[in-house]
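Text of the file query_32.cif, holding mmCIF, C-alpha atoms and all ligand atoms:
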data_my_file
#
loop_
_atom_site.label_atom_id
_atom_site.label_comp_id
_atom_site.auth_asym_id
_atom_site.auth_seq_id
_atom_site.Cartn_x
_atom_site.Cartn_y
_atom_site.Cartn_z
CA MET A 456 115.81 193.13 88.68
CA SER A 457 113.29 190.83 90.32
CA LEU A 458 114.18 187.25 90.95
CA LEU A 459 111.40 184.71 91.35
CA VAL A 460 111.95 181.33 92.97
CA THR A 461 109.71 178.38 93.50
CA GLY A 462 110.59 175.07 95.09
CA THR A 463 110.13 173.33 98.39
CA ILE A 464 109.78 175.04 101.74
CA GLY A 465 110.00 172.28 104.26
CA ILE A 466 110.79 170.74 107.59
CA ASP A 467 114.09 168.82 107.59
CA THR A 468 115.77 166.33 109.84
CA VAL A 469 119.47 166.04 109.07
CA GLU A 470 122.01 163.60 110.48
CA THR A 471 125.74 163.89 110.06
CA ALA A 472 128.38 161.52 111.43
CA ARG A 473 128.77 163.85 114.43
CA ASP A 474 125.44 165.55 115.03
CA LYS A 475 121.74 165.73 114.24
CA ALA A 476 119.22 168.53 113.69
CA GLU A 477 115.56 167.61 113.93
CA ASN A 478 112.59 169.42 112.44
CA VAL A 479 114.47 172.47 111.23
CA LEU A 480 113.62 174.90 108.44
CA GLY A 481 114.73 173.63 105.05
CA GLY A 482 113.60 173.17 101.49
CA SER A 483 115.21 174.09 98.22
CA ALA A 484 113.44 177.45 97.84
CA ALA A 485 114.20 178.46 101.43
CA TYR A 486 117.96 177.96 101.02
CA PHE A 487 117.88 179.65 97.63
CA ALA A 488 116.00 182.67 98.97
CA PHE A 489 118.35 183.25 101.91
CA ALA A 490 121.38 183.17 99.62
CA ALA A 491 119.92 185.19 96.73
CA ARG A 492 118.54 187.96 98.98
CA LEU A 493 122.13 188.94 99.82
CA LEU A 494 122.40 190.23 96.24
CA ALA A 495 118.89 190.94 94.90
CA PRO A 496 115.29 191.09 96.13
CA VAL A 497 113.61 187.68 96.00
CA ARG A 498 110.02 186.79 95.26
CA LEU A 499 109.21 183.47 96.91
CA VAL A 500 106.42 181.19 95.70
CA GLY A 501 105.62 177.94 97.48
CA ALA A 502 103.08 176.07 99.53
CA VAL A 503 103.23 174.79 103.08
CA GLY A 504 100.67 173.01 105.23
CA ASP A 505 98.94 174.32 108.30
CA ASP A 506 101.56 172.51 110.39
CA PHE A 507 104.28 174.96 109.23
CA PRO A 508 105.78 176.42 112.43
CA THR A 509 105.27 180.13 113.09
CA ALA A 510 108.97 180.48 113.90
CA PHE A 511 109.85 179.32 110.35
CA ARG A 512 107.39 181.76 108.85
CA ASP A 513 108.96 184.53 110.93
CA ALA A 514 112.44 183.49 109.75
CA LEU A 515 111.35 183.82 106.12
CA ASN A 516 110.04 187.29 106.86
CA ASP A 517 113.18 189.02 105.65
CA PRO A 518 113.01 192.54 104.18
CA SER A 519 114.58 191.25 100.95
CA ILE A 520 112.23 188.27 100.58
CA ASP A 521 108.70 188.94 99.38
CA THR A 522 106.63 186.08 100.83
CA SER A 523 103.29 187.12 99.36
CA GLY A 524 103.51 184.00 97.16
CA LEU A 525 103.82 181.70 100.17
CA GLU A 526 100.54 179.82 100.44
CA THR A 527 99.46 178.09 103.64
CA ARG A 528 97.09 175.33 102.62
CA ALA A 529 94.50 174.37 105.20
CA GLY A 530 94.26 170.62 105.80
CA SER A 531 97.59 169.93 104.06
CA LYS A 532 100.95 168.95 105.49
CA THR A 533 104.29 170.62 104.85
CA PHE A 534 106.99 168.90 102.75
CA ARG A 535 109.35 166.91 105.00
CA TRP A 536 112.78 165.50 104.25
CA HIS A 537 115.10 163.37 106.38
CA GLY A 538 118.67 163.06 105.12
CA LYS A 539 121.77 161.36 106.46
CA TYR A 540 125.39 162.12 105.54
CA LEU A 541 128.07 159.46 105.63
CA GLU A 542 131.51 160.04 107.16
CA ASP A 543 132.44 161.36 103.69
CA MET A 544 130.15 164.39 103.64
CA ASN A 545 129.95 164.28 99.85
CA GLN A 546 127.78 161.19 100.29
CA ARG A 547 124.23 161.37 101.58
CA GLU A 548 121.11 159.31 101.51
CA SER A 549 117.51 160.42 101.74
CA ILE A 550 116.00 158.40 104.60
CA SER A 551 112.52 159.73 103.82
CA THR A 552 110.85 162.30 101.60
CA ASP A 553 107.23 163.13 102.42
CA LEU A 554 106.03 165.22 99.52
CA ASN A 555 102.75 166.15 101.22
CA VAL A 556 101.65 169.55 99.85
CA VAL A 557 104.21 169.29 97.00
CA ALA A 558 102.20 166.40 95.52
CA GLU A 559 99.07 168.55 95.40
CA ALA A 560 98.12 171.33 92.98
CA PRO A 561 100.99 173.82 92.66
CA PRO A 562 100.68 177.24 94.32
CA ALA A 563 99.64 180.06 92.02
CA ILE A 564 102.15 182.75 91.11
CA PRO A 565 100.71 186.08 92.34
CA GLU A 566 99.77 188.40 89.48
CA SER A 567 102.37 190.94 90.67
CA PHE A 568 105.16 188.32 90.32
CA ARG A 569 104.39 187.22 86.76
CA ASP A 570 106.61 189.79 85.11
CA SER A 571 109.77 188.51 86.88
CA PRO A 572 112.64 188.49 84.37
CA PHE A 573 114.83 186.10 86.37
CA VAL A 574 113.31 182.81 87.48
CA PHE A 575 114.75 179.88 89.39
CA LEU A 576 112.85 176.60 89.52
CA ALA A 577 114.42 175.06 92.61
CA ASN A 578 114.04 171.40 93.32
CA THR A 579 110.45 170.30 93.22
CA HIS A 580 108.21 168.11 91.08
CA PRO A 581 109.10 168.82 87.43
CA ALA A 582 105.41 169.08 86.53
CA VAL A 583 105.19 171.90 89.05
CA GLN A 584 108.27 173.45 87.43
CA TYR A 585 106.86 173.58 83.90
CA GLY A 586 103.44 174.57 85.28
CA PHE A 587 105.24 177.64 86.58
CA ILE A 588 106.78 178.54 83.27
CA ASP A 589 103.25 178.48 81.80
CA GLN A 590 102.09 181.08 84.33
CA LEU A 591 104.86 183.61 83.57
CA ASP A 592 104.47 186.55 81.18
CA SER A 593 107.71 186.25 79.22
CA PRO A 594 110.57 185.33 81.51
CA GLY A 595 113.98 186.42 80.27
CA PHE A 596 116.11 183.85 82.01
CA VAL A 597 114.85 180.61 83.58
CA VAL A 598 117.13 178.14 85.34
CA CYS A 599 116.10 174.89 87.03
CA ASP A 600 117.54 172.35 89.43
CA THR A 601 116.50 168.73 89.87
CA MET A 602 117.21 165.67 91.98
CA ASP A 603 117.50 161.86 91.84
CA LEU A 604 113.84 161.34 92.82
CA TRP A 605 112.58 163.37 89.86
CA ILE A 606 115.13 161.95 87.40
CA ASN A 607 114.20 158.38 88.31
CA GLU A 608 110.47 158.61 88.75
CA PHE A 609 109.25 161.58 86.69
CA ARG A 610 111.68 161.59 83.79
CA ASP A 611 109.16 162.59 81.11
CA ASP A 612 108.02 165.58 83.13
CA LEU A 613 111.64 166.53 83.74
CA LEU A 614 112.51 166.33 80.03
CA LYS A 615 109.60 168.65 79.35
CA THR A 616 110.94 171.15 81.92
CA LEU A 617 114.48 170.91 80.52
CA SER A 618 113.25 171.63 77.01
CA ARG A 619 111.89 174.97 78.25
CA VAL A 620 114.67 176.42 80.43
CA HIS A 621 117.78 178.47 79.62
CA GLY A 622 119.97 176.80 82.21
CA VAL A 623 120.17 173.87 84.57
CA VAL A 624 122.11 173.34 87.79
CA LEU A 625 122.77 169.71 88.72
CA ASN A 626 125.16 167.83 90.94
CA ASP A 627 127.61 165.35 89.44
CA GLY A 628 125.64 162.21 90.38
CA GLU A 629 122.43 163.69 88.99
CA ALA A 630 124.10 164.66 85.70
CA ARG A 631 125.37 161.09 85.32
CA MET A 632 121.98 159.64 86.25
CA LEU A 633 120.13 161.91 83.81
CA THR A 634 122.41 161.30 80.82
CA GLY A 635 123.89 157.85 81.44
CA LYS A 636 127.37 159.32 80.83
CA ASP A 637 130.08 158.78 83.45
CA ASP A 638 132.45 161.45 82.17
CA LEU A 639 131.18 164.72 83.64
CA PHE A 640 132.10 166.93 80.71
CA ARG A 641 130.29 164.57 78.33
CA ALA A 642 127.36 164.42 80.73
CA ALA A 643 127.18 168.24 80.71
CA GLN A 644 127.23 168.26 76.91
CA ALA A 645 124.45 165.67 76.83
CA VAL A 646 122.43 167.88 79.18
CA LEU A 647 122.74 170.70 76.62
CA ASP A 648 121.22 168.35 74.01
CA LEU A 649 118.07 168.27 76.17
CA GLY A 650 117.43 172.00 75.72
CA PRO A 651 119.29 174.33 78.12
CA THR A 652 122.02 176.57 76.72
CA LEU A 653 124.06 176.36 79.90
CA ALA A 654 124.69 173.49 82.29
CA VAL A 655 126.26 173.95 85.71
CA ILE A 656 127.52 170.77 87.31
CA LYS A 657 128.19 170.97 91.06
CA LYS A 658 130.82 168.65 92.43
CA GLY A 659 130.48 169.16 96.20
CA GLU A 660 133.84 169.88 97.82
CA HIS A 661 135.41 169.69 94.34
CA GLY A 662 133.69 172.83 93.09
CA ALA A 663 131.62 173.44 89.98
CA MET A 664 131.83 173.37 86.21
CA LEU A 665 129.96 175.59 83.75
CA VAL A 666 129.50 174.18 80.25
CA THR A 667 127.94 175.88 77.23
CA ARG A 668 128.31 175.05 73.52
CA ASP A 669 131.39 177.27 73.30
CA ASP A 670 132.50 178.14 76.81
CA LEU A 671 133.83 176.34 79.84
CA LEU A 672 134.64 177.35 83.41
CA VAL A 673 135.95 175.05 86.12
CA LEU A 674 136.16 176.46 89.66
CA PRO A 675 137.13 174.78 92.91
CA ALA A 676 134.96 175.05 96.00
CA PHE A 677 135.76 177.77 98.52
CA PRO A 678 137.68 175.86 101.19
CA THR A 679 136.02 176.19 104.58
CA SER A 680 137.39 174.50 107.65
CA SER A 681 134.04 174.08 109.37
CA VAL A 682 131.68 171.94 107.35
CA VAL A 683 128.80 171.25 109.74
CA ASP A 684 125.94 170.34 107.37
CA PRO A 685 126.20 170.35 103.55
CA THR A 686 122.40 170.50 103.15
CA GLY A 687 121.31 173.35 100.95
CA ALA A 688 124.74 173.93 99.43
CA GLY A 689 123.34 173.38 95.94
CA ASP A 690 120.35 175.65 96.48
CA SER A 691 122.51 178.39 98.01
CA PHE A 692 124.93 178.05 95.12
CA ALA A 693 122.04 178.66 92.77
CA GLY A 694 120.89 181.56 94.95
CA GLY A 695 124.26 183.29 94.78
CA MET A 696 124.48 182.65 91.06
CA MET A 697 120.99 183.91 90.17
CA GLY A 698 121.25 186.73 92.71
CA HIS A 699 124.30 188.08 90.94
CA LEU A 700 122.62 187.87 87.51
CA ALA A 701 119.45 189.57 88.76
CA ALA A 702 121.47 192.28 90.56
CA THR A 703 123.48 193.08 87.44
CA ASN A 704 120.59 192.43 85.02
CA ARG A 705 122.93 190.45 82.80
CA THR A 706 122.90 186.94 81.35
CA ASP A 707 125.95 187.14 79.07
CA ILE A 708 128.65 184.55 79.53
CA ALA A 709 131.03 186.88 81.43
CA ALA A 710 128.29 187.58 83.97
CA VAL A 711 127.42 183.89 84.24
CA ARG A 712 131.09 183.08 84.93
CA SER A 713 131.18 185.64 87.77
CA ALA A 714 127.84 184.32 89.01
CA ILE A 715 129.35 180.84 89.44
CA ALA A 716 131.94 182.37 91.78
CA TRP A 717 129.26 184.19 93.82
CA GLY A 718 127.31 180.91 94.03
CA THR A 719 130.39 179.03 95.19
CA CYS A 720 130.92 181.52 98.04
CA ALA A 721 127.23 181.47 99.06
CA ALA A 722 127.31 177.66 99.25
CA SER A 723 130.40 177.75 101.45
CA LEU A 724 128.60 179.97 103.98
CA THR A 725 125.53 177.73 104.16
CA ILE A 726 127.42 174.58 105.11
CA GLU A 727 128.97 176.13 108.21
CA ALA A 728 125.81 175.48 110.29
CA PHE A 729 122.70 173.30 110.29
CA SER A 730 119.60 174.43 108.44
CA VAL A 731 119.57 177.99 107.06
CA ASP A 732 121.26 179.39 110.18
CA ALA A 733 124.61 180.41 108.66
CA ILE A 734 123.35 181.83 105.36
CA ARG A 735 120.57 183.64 107.22
CA ALA A 736 123.07 185.23 109.58
CA ALA A 737 125.28 186.37 106.69
CA ASP A 738 125.11 189.77 105.06
CA ARG A 739 126.22 191.02 101.66
CA GLU A 740 129.58 192.19 103.05
CA ALA A 741 130.36 188.73 104.45
CA LEU A 742 129.62 187.21 101.05
CA ALA A 743 131.64 189.88 99.23
CA ARG A 744 134.62 189.34 101.58
CA ARG A 745 134.51 185.65 100.82
CA LEU A 746 134.41 186.38 97.09
CA ALA A 747 137.50 188.59 97.42
CA ARG A 748 139.36 185.80 99.25
CA PHE A 749 138.19 183.29 96.66
CA ARG A 750 139.40 185.52 93.83
CA SER A 751 142.84 185.96 95.39
CA SER A 752 143.09 182.21 96.05
CA LEU A 753 142.72 181.66 92.29
CA ALA A 754 145.31 184.22 91.18
CA PHE A 755 148.83 183.22 90.16
CA ASP A 756 151.53 184.33 87.70
P1 LIG B 1 120.53 170.43 98.57
O1 LIG B 1 121.37 169.98 99.73
O2 LIG B 1 120.99 171.71 97.96
O3 LIG B 1 120.28 169.34 97.59
O4 LIG B 1 119.08 170.77 99.19
C1 LIG B 1 118.54 170.11 100.28
C2 LIG B 1 117.16 170.67 100.57
O5 LIG B 1 116.28 170.23 99.55
C3 LIG B 1 116.60 170.19 101.90
O6 LIG B 1 116.34 171.31 102.72
C4 LIG B 1 115.33 169.42 101.55
O7 LIG B 1 114.22 169.83 102.30
C5 LIG B 1 115.08 169.70 100.11
N1 LIG B 1 114.76 168.47 99.35
C6 LIG B 1 115.17 167.21 99.60
N2 LIG B 1 114.66 166.35 98.68
C7 LIG B 1 113.93 167.10 97.81
C8 LIG B 1 113.18 166.82 96.63
N3 LIG B 1 113.06 165.56 96.12
N4 LIG B 1 112.59 167.86 95.99
C9 LIG B 1 112.70 169.10 96.47
N5 LIG B 1 113.39 169.45 97.57
C10 LIG B 1 114.00 168.47 98.24
#
Output the file's structure in the form of C-alpha cells.
Amino acid sequence: MSLLVTGTIGIDTVETARDKAENVLGGSAAYFAFAARLLAPVRLVGAVGDDFPTAFRDALNDPSIDTSGLETRAGSKTFRWHGKYLEDMNQRESISTDLNVVAEAPPAIPESFRDSPFVFLANTHPAVQYGFIDQLDSPGFVVCDTMDLWINEFRDDLLKTLSRVHGVVLNDGEARMLTGKDDLFRAAQAVLDLGPTLAVIKKGEHGAMLVTRDDLLVLPAFPTSSVVDPTGAGDSFAGGMMGHLAATNRTDIAAVRSAIAWGTCAASLTIEAFSVDAIRAADREALARRLARFRSSLAFD
C-alpha cells in the first residue's frame, strides 16, 4: 500500500568527535524515504529552495520514491541544520536550524497522493503536520514525529497534531520534555493521553519501547560496531516501521511489534555512514539479513 511522507528535505552539516560532514543531504523526510523504500513504495512531499543541489535531487530520484510532491520554490532557501555530537554519541546539540522554506506556506499534496492509506508526518513544523492531515482523503494510519524545537516553541500546534494522529514516535528526551515525566513508561502513557493510540519511544543505543493502552514491547538497539553518524536514526527507524506496515497493509498490534524490529534494523544501517549514504546503499536483502540476525540475538530458552 502507498506510504506518504512529509517532513524536511535539507542540507546538513554534522560534526562528530572524530569527523565532520559539511553541506550533505539530510532532512527528516529524506532519511525516512530512503529507509521506507526498502520495504514499500514511498510518496515524498516537501519543499526545497532553488539552492537545492542537483546532486541531492538526483539522489532522491530512486525508483521506489515518487518525488512528484517535491516542490522547488523559486526565491526560497532550503532548510539547513547544523548538529554536533558529543563524545557520547547519544548526546547532540543543534548548533543552528535555518527553517527557510519550512517557515513558509506548506507544499501541497498532489491530488494523486491524497488517497494514501499510510502517512508519516516526519519532523517539521506541527502546523504543517496538521495542515497535511486536512488535505488527505481519509488516511487509515497516521503517525508523527516531533523534536525539541517544536515542543518548546510551538506546543499548541503540536498538541493539535497529536490529537489527530494514530501514533507518535519520539526520543526519550522529547517524551520527557513533552510530558514533564522523567520515568519513560509514565511519559509514554502521558503521551497516549494526548490522543495517539500508540507511542514509540526511541532510546538511542538503548533501543526502543512501544506503549499502547494494553500492550508493551521493549527492544534493544541492533548492536553495530561502526557508529559514524547517528543523524537520521530516528527518521530511518520510522521509515522501517512504516515501510513494514505499508508493505503488509496491517496496523494490528502484532504487525506494529514486528514493525518496531524492522525500524530498529533500518536505523542501525543509517548510522554506519554520514548523511543518507549507508541507508541509500542498502537493499531490502541487507535489511532482511540484519532483521534475521536481530531476531536470533533475541532468542533464548
Ligand atoms: P534525527 O537524527 O532522526 O533526529 O534526524 C535528523 C535530521 O532531521 C537531519 O537530517 C536534519 O536536517 C533534520 N532536522 C533537524 N532539526 C529539525 C527540525 N527542527 N525539524 C525538522 N527536521 C529537522
Item to check | Residues within 12 Å of Asp648 (chain A), only C-alpha atoms, excluding chain neighbours under 6 positions, as an MDAnalysis selection string | outcome: chainID A and resid 614 617:618 622:623 633:634 641:642 654 666:668
Please, could you write that set of residues out with C-alpha atoms as a PDB file, in the frame of the given file?
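Final file, again_29.pdb:
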ATOM      1  CA  LEU A 614     112.510 166.330  80.030  1.00  0.00           C
ATOM      2  CA  LEU A 617     114.480 170.910  80.520  1.00  0.00           C
ATOM      3  CA  SER A 618     113.250 171.630  77.010  1.00  0.00           C
ATOM      4  CA  GLY A 622     119.970 176.800  82.210  1.00  0.00           C
ATOM      5  CA  VAL A 623     120.170 173.870  84.570  1.00  0.00           C
ATOM      6  CA  LEU A 633     120.130 161.910  83.810  1.00  0.00           C
ATOM      7  CA  THR A 634     122.410 161.300  80.820  1.00  0.00           C
ATOM      8  CA  ARG A 641     130.290 164.570  78.330  1.00  0.00           C
ATOM      9  CA  ALA A 642     127.360 164.420  80.730  1.00  0.00           C
ATOM     10  CA  ALA A 654     124.690 173.490  82.290  1.00  0.00           C
ATOM     11  CA  VAL A 666     129.500 174.180  80.250  1.00  0.00           C
ATOM     12  CA  THR A 667     127.940 175.880  77.230  1.00  0.00           C
ATOM     13  CA  ARG A 668     128.310 175.050  73.520  1.00  0.00           C
TER      14      ARG A 668
END
Next on the checklist: Which residues are near ligand LIG 1 (chain B) in this structure, taking near to mean any atom at most 6 Å from a ligand atom and counting all atoms listed in the file? Format them as a PyMOL selection string.
Outcome noted: chain A and resi 463+465+467+481-483+536+578-579+602+604+686-690
Next on the checklist: Here is a test: counting all atoms listed in the file, which residue of A:His621, A:Arg744, A:Arg528, A:Arg750 is nearest to Val655 (chain A)?
Outcome noted: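 For Val655 (chain A), the nearest of the candidates is A:His621.
Distances to Lys657 (chain A) were evaluated for A:Asp627, A:Asp637, A:Asp612, A:Asp670 using only C-alpha atoms, and the minimum falls at A:Asp627.
One finds CA of Gly695 (chain A) at 7.8 Å from CA of Ala722 (chain A).
Among the candidate residues A:Phe755, A:Phe596, A:Phe749, A:Phe692, the one lying nearest to Ala714 (chain A) is A:Phe692, with distances computed using all atoms listed in the file.
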Next on the checklist: Could you check which residues have any atom within 8 Å of (120.1, 184.1, 100.2), counting only C-alpha atoms with coordinates taken straight from the file, and then list them as a list of chain:residue names?
Outcome noted: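 Residues found, by chain and rising number: A:Tyr486, A:Phe487, A:Ala488, A:Phe489, A:Ala490, A:Ala491, A:Arg492, A:Leu493, A:Leu494, A:Ser691, A:Gly694, A:Gly695, A:Ala721, A:Ile734, A:Arg735.
One distance worth recording is that between CA of Asp611 (chain A) and CA of Ala577 (chain A), which is 17.8 Å.
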Checklist entry - Which residues come within 9 Å of Pro678 (chain A), counting only C-alpha atoms, excluding same-chain residues fewer than 3 positions away, as JSON, numbers by chain? => result {"A": [660, 675, 723, 749]}
Next, dump the selected residues to file, keeping only C-alpha atoms, as a PDB file, in the frame of the given file.
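Written file, part06.pdb:
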ATOM      1  CA  GLU A 660     133.840 169.880  97.820  1.00  0.00           C
ATOM      2  CA  PRO A 675     137.130 174.780  92.910  1.00  0.00           C
ATOM      3  CA  SER A 723     130.400 177.750 101.450  1.00  0.00           C
ATOM      4  CA  PHE A 749     138.190 183.290  96.660  1.00  0.00           C
TER       5      PHE A 749
END
Taking 4 positions as the minimum chain separation for residues in the same chain, which residues sit within 8 Å of Pro565 (chain A) when counting all atoms listed in the file? Answer as a tab-separated table (two decimals) with C-alpha atoms, keeping the file's coordinate frame.
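Saved file around_24.tsv follows:
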chain	number	residue	atom	x	y	z
A	523	SER	CA	103.29	187.12	99.36
A	524	GLY	CA	103.51	184.00	97.16
A	569	ARG	CA	104.39	187.22	86.76
Checklist entry - Out of A:Gly462, A:Gly586, A:Pro685, A:Pro581, which residue has the shortest atom-to-atom distance to Arg498 (chain A) when counting all atoms listed in the file? => result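 Checking each candidate against Arg498 (chain A), we get A:Gly462 as the closest.
Remark: for Val497 (chain A), the closest of the candidate residues A:Leu591, A:Ala709, A:Leu515, A:Leu647 is A:Leu515 (distances computed over all atoms listed in the file).
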